[in-house]
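S.K.: Below are the structure tokens for one structure; questions will follow.
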Amino acid sequence: MSIDRRQFLKIAGISALGAGTAAANLIWKNSLEAIQAAPAEEGLTAKKWAMVIDMRKLKTEEDYKKITDACHSIHNVPDFGNPKDEVKWIWTDTYEHAFPGQENEYLPEAIKEKPFPLLCNHCENPPCVRVCPTQATFKRQDGIVMQDEHRCIGCRFCMAACPFGARSFNYRDPRPFIKEKNPEYPTRTKGVVEKCTFCTERLVKGLMPACAEKSNGAIAFGDLKDPNSEVRKLLSANYTIRRKQELGTQPSVFYIIGGSEK
Amino acid sequence: MIEKALTGSSRYWIWISFLLAVIGVGFIFYLKQLSYGLGITGLSRDVSWGLYISQFTFLVGVAASAVMLVIPYYLHDYKKFGKIVILGEFLAVAAVNMCLLFLLVDMGQPMRALNIFLYPTPNSIIFWDAVALNGYLLLNIVIGWTTLESERYSAPPPRWVKPLIYLSIPWAVSIHTVTAFLYAGLPGRHFWLTAVMAARFLASAFAGGPALLIILSMIVRRLSKFDPGREPIQAISKIVTYAMLANVFFFLLEVFTAFYSGIPGHKHPFQYLFVGLEGHGKLVPLMWLSVILAAAALILLVNPNTRKNEKTLLAACAAVFVSLWIDKGFGLIVGGFVPNPFERVTEYWPTLAEALITLGVWAIGILILTVLYKVAVSVREETAGADTEH
């Protein structure tokens, strides 16, 4: 078959256009994302995962310890025993430090002193994802902000960008500092950033995030886009606040502060 | 032309060996960092960028400053810069190399560095910075080398260099603007979240880079038969003066906005840097040293008598350089992380290993600079007197 010049140019033009669009798709549409596969059948799914932490239900030190220990032990979070190298996924701090700028002198003592659980906010508009040069951190369709530990180059731009201090860097090899290894969850290597994942590995098995499970009902987890979900019911029945809302990142973690009850 | 760097006096070779020794020490500590991790540095969860990234930021400015010679010479036909413009271009090459190396040594997983190009991500400023820096490096090495080679053969440079020279002008501005955008677009980092950041970066770059160039020109004059001349140095000193004034002005704008508005988040980093915050003030003496040096430099630069005296001018340039190095090559980055997102103060101070790795990278840059300057100076000594036009 022979083609004339006109036809050739047509075909060449169309092919070039096609190749260009494919390349553009690759770059712009983040089609290289690591996890976008459909979850297993028994898995929990949502349009937009969110968490509501009811501070009225968190009372004793034990309540908090159960939550953080559960998370850190199943996720192989190392304990270096010093704040400089510290890696943490969920931890606590006081109201003044959890919500800087919203404190006032005259708050009830009970609120001033109460520890607030802090974790990645899985923002709707995450600055960490915006700045990551390799798409190692990315937002899934269900709103969960994930970290690909195999692609991360360890530039720590995401740590500078996160207004919530939610990210930790492995300043050294974490493996010798894991108390008891959970063989079902991967460990990390030195030189990469990590953080809370809303327990994606549990969601696919139909389980709630570990912190929610161990919270005696203080932490609700569900679909923000489903009006009948538990989180939506809590949000419509209670006044809630989020951390640093003024920055426009739209955190998915809400707090019910409650009154002065202990 | 590179062969000209392979012959030299014993003084030249002692200097090269010294640099190689410093590089060797830095490299040994870098290997240690590679095996242990970045925990070998003073960096922490709260202050996650430090000496490496601040050196990178400072040196992007030094690189961009070459444009202060290129604009007068090529756009305004200011012939007196003819001899010295090559020194600016080669300084840019050395500085960009250091920038790229500082980015590399700061990475937790340097063997994955090419992921930046493997998964190009236009919404990340780092992507643009990598493109801008590599492009600028290429532009300057091609322009510098080609024009020098033409000069060697007393021929006009090839025509295709001109467009590249013009391109290098906005490109120089872009490298430092993009570098400022690394910081100026982050929510929740009050110290960096300022529209004047890029302008301040450019002002400090156009003061610090040319100040260094004056120092280097004087060194070249002392060590070789090539004299860049008194007039070009005087012209550059005016550039340093205006740029330094602009830089101090921009800084004072920041101080006004932070303290007149009274917004705590905006005030805290300034308080931490200059008076200490919550009992922490490791950087306070350094920052005041920077202020004193800046003031002293401006007194010497603004006064025409001390500016025209090359001895006092040299002192002023050294003061400008050190002052800006402290301000931008240290305080600016650390200040952005203090206090942390929880309004708590964690301090940072580099470790010995970190300092030696940093010195090693500087030594690589100085080695590149030495070799390139040696080539340029040798060509100049050959063609002495014959001022070529291009």
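Going by the structure tokens order, chains are called A, B, ..., each with residues numbered from 1, while ligands are numbered from 1 in the order shown.
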Give me the residues near Pro127 in chain A as JSON, numbers by chain, where near means some atom within 7 Å (using only C-alpha atoms) and where sequence neighbours in that chain fewer than 3 positions away do not count.

M.R.: {"A": [130, 131, 161, 162]}

S.K.: Distance limit 7 Å, atoms considered: only C-alpha atoms. Which chain B residues sit that close to chain A? Return them as a PDB file with N, CA and C atoms, in the first residue's frame.

M.R.:
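Once written, result.pdb looks like this:
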```pdb
ATOM      1  N   TYR B  36      24.419   6.012  57.824  1.00  0.00           N
ATOM      2  CA  TYR B  36      23.672   6.227  59.069  1.00  0.00           C
ATOM      3  C   TYR B  36      22.318   6.877  58.800  1.00  0.00           C
ATOM      4  N   GLY B  37      22.266   7.759  57.835  1.00  0.00           N
ATOM      5  CA  GLY B  37      21.048   8.530  57.583  1.00  0.00           C
ATOM      6  C   GLY B  37      21.264   9.972  57.982  1.00  0.00           C
ATOM      7  N   LEU B  38      20.258  10.827  57.683  1.00  0.00           N
ATOM      8  CA  LEU B  38      20.394  12.260  57.961  1.00  0.00           C
ATOM      9  C   LEU B  38      20.362  12.567  59.454  1.00  0.00           C
ATOM     10  N   GLY B  39      20.152  11.527  60.265  1.00  0.00           N
ATOM     11  CA  GLY B  39      20.237  11.696  61.718  1.00  0.00           C
ATOM     12  C   GLY B  39      21.612  12.158  62.152  1.00  0.00           C
ATOM     13  N   SER B  44      15.843  17.781  62.693  1.00  0.00           N
ATOM     14  CA  SER B  44      14.900  17.062  63.540  1.00  0.00           C
ATOM     15  C   SER B  44      13.534  17.062  62.884  1.00  0.00           C
ATOM     16  N   ARG B  45      12.580  16.449  63.586  1.00  0.00           N
ATOM     17  CA  ARG B  45      11.213  16.428  63.088  1.00  0.00           C
ATOM     18  C   ARG B  45      10.676  17.855  62.935  1.00  0.00           C
ATOM     19  N   SER B  48      13.315  20.565  59.816  1.00  0.00           N
ATOM     20  CA  SER B  48      13.636  19.470  58.907  1.00  0.00           C
ATOM     21  C   SER B  48      14.511  19.913  57.729  1.00  0.00           C
ATOM     22  N   ASP B 106      21.213  16.752  50.755  1.00  0.00           N
ATOM     23  CA  ASP B 106      20.093  16.906  51.690  1.00  0.00           C
ATOM     24  C   ASP B 106      19.063  15.792  51.539  1.00  0.00           C
ATOM     25  N   MET B 107      19.146  15.027  50.465  1.00  0.00           N
ATOM     26  CA  MET B 107      18.107  14.022  50.201  1.00  0.00           C
ATOM     27  C   MET B 107      18.281  12.801  51.092  1.00  0.00           C
ATOM     28  N   GLY B 108      17.174  12.298  51.580  1.00  0.00           N
ATOM     29  CA  GLY B 108      17.204  11.083  52.380  1.00  0.00           C
ATOM     30  C   GLY B 108      17.503   9.859  51.528  1.00  0.00           C
ATOM     31  N   GLN B 109      17.073   9.905  50.276  1.00  0.00           N
ATOM     32  CA  GLN B 109      17.273   8.789  49.343  1.00  0.00           C
ATOM     33  C   GLN B 109      17.891   9.336  48.051  1.00  0.00           C
ATOM     34  N   PRO B 110      19.188   9.718  48.114  1.00  0.00           N
ATOM     35  CA  PRO B 110      19.796  10.376  46.944  1.00  0.00           C
ATOM     36  C   PRO B 110      19.819   9.493  45.697  1.00  0.00           C
ATOM     37  N   ARG B 112      17.545   7.969  44.543  1.00  0.00           N
ATOM     38  CA  ARG B 112      16.274   8.117  43.824  1.00  0.00           C
ATOM     39  C   ARG B 112      16.109   9.529  43.254  1.00  0.00           C
ATOM     40  N   ALA B 113      17.185  10.311  43.239  1.00  0.00           N
ATOM     41  CA  ALA B 113      17.072  11.720  42.843  1.00  0.00           C
ATOM     42  C   ALA B 113      16.407  11.887  41.485  1.00  0.00           C
ATOM     43  N   ASN B 115      14.027  10.464  40.266  1.00  0.00           N
ATOM     44  CA  ASN B 115      12.555  10.380  40.299  1.00  0.00           C
ATOM     45  C   ASN B 115      11.920  11.732  39.969  1.00  0.00           C
ATOM     46  N   ILE B 116      12.661  12.814  40.257  1.00  0.00           N
ATOM     47  CA  ILE B 116      12.142  14.156  39.949  1.00  0.00           C
ATOM     48  C   ILE B 116      11.857  14.280  38.455  1.00  0.00           C
ATOM     49  N   TYR B 119       9.159  11.157  37.222  1.00  0.00           N
ATOM     50  CA  TYR B 119       7.741  11.444  37.483  1.00  0.00           C
ATOM     51  C   TYR B 119       7.562  12.954  37.524  1.00  0.00           C
ATOM     52  N   PRO B 120       7.736  13.620  36.378  1.00  0.00           N
ATOM     53  CA  PRO B 120       7.707  15.081  36.399  1.00  0.00           C
ATOM     54  C   PRO B 120       6.368  15.580  36.959  1.00  0.00           C
ATOM     55  N   THR B 121       6.455  16.485  37.928  1.00  0.00           N
ATOM     56  CA  THR B 121       5.266  16.947  38.634  1.00  0.00           C
ATOM     57  C   THR B 121       5.216  18.468  38.604  1.00  0.00           C
ATOM     58  N   ASN B 123       3.140  20.615  39.439  1.00  0.00           N
ATOM     59  CA  ASN B 123       2.613  21.388  40.564  1.00  0.00           C
ATOM     60  C   ASN B 123       3.607  21.507  41.716  1.00  0.00           C
ATOM     61  N   SER B 124       4.739  20.801  41.604  1.00  0.00           N
ATOM     62  CA  SER B 124       5.760  20.937  42.641  1.00  0.00           C
ATOM     63  C   SER B 124       6.807  21.949  42.209  1.00  0.00           C
ATOM     64  N   ILE B 125       7.107  22.885  43.107  1.00  0.00           N
ATOM     65  CA  ILE B 125       8.090  23.922  42.772  1.00  0.00           C
ATOM     66  C   ILE B 125       9.484  23.300  42.582  1.00  0.00           C
ATOM     67  N   ILE B 126       9.747  22.195  43.294  1.00  0.00           N
ATOM     68  CA  ILE B 126      11.063  21.552  43.147  1.00  0.00           C
ATOM     69  C   ILE B 126      11.305  21.138  41.692  1.00  0.00           C
ATOM     70  N   PHE B 127      10.246  20.664  41.036  1.00  0.00           N
ATOM     71  CA  PHE B 127      10.376  20.288  39.626  1.00  0.00           C
ATOM     72  C   PHE B 127      10.884  21.484  38.819  1.00  0.00           C
ATOM     73  N   LEU B 186       4.020  28.232  51.123  1.00  0.00           N
ATOM     74  CA  LEU B 186       3.647  27.197  52.078  1.00  0.00           C
ATOM     75  C   LEU B 186       2.708  27.759  53.145  1.00  0.00           C
ATOM     76  N   PRO B 187       1.516  27.177  53.273  1.00  0.00           N
ATOM     77  CA  PRO B 187       0.601  27.684  54.296  1.00  0.00           C
ATOM     78  C   PRO B 187       1.137  27.316  55.673  1.00  0.00           C
ATOM     79  N   GLY B 188       0.957  28.188  56.624  1.00  0.00           N
ATOM     80  CA  GLY B 188       1.336  27.842  57.987  1.00  0.00           C
ATOM     81  C   GLY B 188       2.791  28.073  58.326  1.00  0.00           C
ATOM     82  N   PRO B 341       4.797  23.959  63.981  1.00  0.00           N
ATOM     83  CA  PRO B 341       3.351  24.123  63.763  1.00  0.00           C
ATOM     84  C   PRO B 341       2.507  24.041  65.054  1.00  0.00           C
ATOM     85  N   PHE B 342       3.128  23.608  66.142  1.00  0.00           N
ATOM     86  CA  PHE B 342       2.403  23.549  67.411  1.00  0.00           C
ATOM     87  C   PHE B 342       2.776  24.716  68.308  1.00  0.00           C
ATOM     88  N   GLU B 343       3.409  25.728  67.719  1.00  0.00           N
ATOM     89  CA  GLU B 343       3.863  26.880  68.474  1.00  0.00           C
ATOM     90  C   GLU B 343       4.793  26.456  69.607  1.00  0.00           C
TER      91      GLU B 343
END
```

S.K.: Using only C-alpha atoms, which of the listed residues (A:Ala12, A:Lys66, A:Lys59, A:Met51) sits closest to Leu234 in chain A?

M.R.: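 For Leu234 in chain A, the nearest of the given residues is A:Met51.
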
S.K.: Any idea what's packed within 7 Å of range 177-188 of chain A, counting only C-alpha atoms, ignoring anything in its chain fewer than 3 positions away? Could you give it as a compact mmCIF listing (two decimals) with N, CA and C atoms, in the first residue's frame?

M.R.:
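Once everything was written out, this is around00.txt:
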```
# COMPACT_ATOMS: atom_id res chain seq x y z
N ILE A 74 0.84 -1.68 65.48
CA ILE A 74 0.51 -2.41 64.25
C ILE A 74 1.21 -1.82 63.02
N HIS A 75 1.59 -0.55 63.09
CA HIS A 75 2.23 0.06 61.92
C HIS A 75 3.75 0.07 62.00
N ASN A 76 4.31 -0.66 62.95
CA ASN A 76 5.76 -0.74 63.07
C ASN A 76 6.42 0.64 63.17
N VAL A 77 5.82 1.50 63.99
CA VAL A 77 6.39 2.83 64.18
C VAL A 77 7.52 2.71 65.21
N PRO A 78 8.73 3.12 64.84
CA PRO A 78 9.88 2.94 65.74
C PRO A 78 9.83 3.91 66.93
N ASP A 79 10.49 3.54 67.99
CA ASP A 79 10.64 4.44 69.13
C ASP A 79 12.12 4.66 69.38
N PHE A 80 12.62 5.83 68.96
CA PHE A 80 14.04 6.11 69.10
C PHE A 80 14.38 6.63 70.49
N PRO A 174 14.95 2.74 60.95
CA PRO A 174 13.96 2.56 62.02
C PRO A 174 13.88 1.12 62.54
```

S.K.: Which is closer to Ser252 in chain A than all the others in A:Lys205, A:His72, A:Arg232, A:Lys114, using only C-alpha atoms?

M.R.: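 Looking only at the distances to Ser252 in chain A, the closest residue turns out to be A:Arg232.
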
S.K.: Find the spatial neighbours of Arg344 in chain B, counting only C-alpha atoms, within a cut-off of 9 Å - ignore same-chain residues fewer than 5 positions away - and output them as a list in words.

M.R.: His97 of chain A; Glu278, Val338 and Pro339 of chain B

S.K.: Determine, counting only C-alpha atoms, which protein, DNA and RNA residues have an atom within 9 Å of an atom of Leu356 in chain B; residues of the same chain fewer than 5 positions away are not included. Present the result as a VMD selection string.

M.R.: chain B and resid 22 to 23 25 to 27 29 to 30 351 361

S.K.: Just the residues within 6 Å of range 318-322 of chain B, please, counting only C-alpha atoms, with nothing from its chain fewer than 2 positions along; format it as a ChimeraX atom specification.

M.R.: /B:208,293-294,297,315-316,324-325

S.K.: Selection from above, N, CA and C atoms, as a compact mmCIF listing (two decimals), in the first residue's frame, can you write it?

M.R.:
```
# COMPACT_ATOMS: atom_id res chain seq x y z
N GLY B 208 24.93 40.26 47.29
CA GLY B 208 25.92 39.26 47.73
C GLY B 208 26.78 38.73 46.60
N LEU B 293 27.10 43.87 60.55
CA LEU B 293 27.88 43.84 59.31
C LEU B 293 27.15 44.56 58.18
N ALA B 294 25.85 44.37 58.12
CA ALA B 294 25.07 45.04 57.07
C ALA B 294 25.16 46.55 57.24
N ALA B 297 28.66 47.73 56.38
CA ALA B 297 28.87 47.67 54.94
C ALA B 297 28.18 48.84 54.24
N ALA B 315 36.65 45.58 52.30
CA ALA B 315 36.09 45.29 53.62
C ALA B 315 34.57 45.32 53.55
N ALA B 316 34.03 46.31 52.84
CA ALA B 316 32.57 46.43 52.73
C ALA B 316 31.99 45.20 52.04
N LEU B 324 24.98 38.63 54.51
CA LEU B 324 23.93 37.95 53.75
C LEU B 324 24.01 36.44 53.93
N TRP B 325 25.23 35.94 54.11
CA TRP B 325 25.35 34.50 54.32
C TRP B 325 24.64 34.11 55.62
```

S.K.: Calculate how many Å separate CA of Met1 in chain B from CA of Ala94 in chain B, rounding to one decimal.

M.R.: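 CA of Ala94 in chain B lies at a distance of 17.4 Å from CA of Met1 in chain B.
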
S.K.: Would you give me, as a ChimeraX atom specification, the residues in range 64-199 of chain A that DSSP reads as alpha helix (DSSP H)?

M.R.: /A:64-74,95-98,109-113,127-131,157-161

S.K.: Could you work out how far CA of Phe337 in chain B lies from CA of Leu245 in chain B, giving the answer in Å with one decimal?

M.R.: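 According to the coordinates, CA of Leu245 in chain B and CA of Phe337 in chain B are separated by 26.9 Å.
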
S.K.: Tell me which protein, DNA and RNA residues are within 9 Å of Tyr64 in chain A, counting only C-alpha atoms, leaving out same-chain ones fewer than 2 positions away, and put them as a VMD selection string.

M.R.: chain A and resid 58 to 62 66 to 69 91 to 92 115 to 117 215
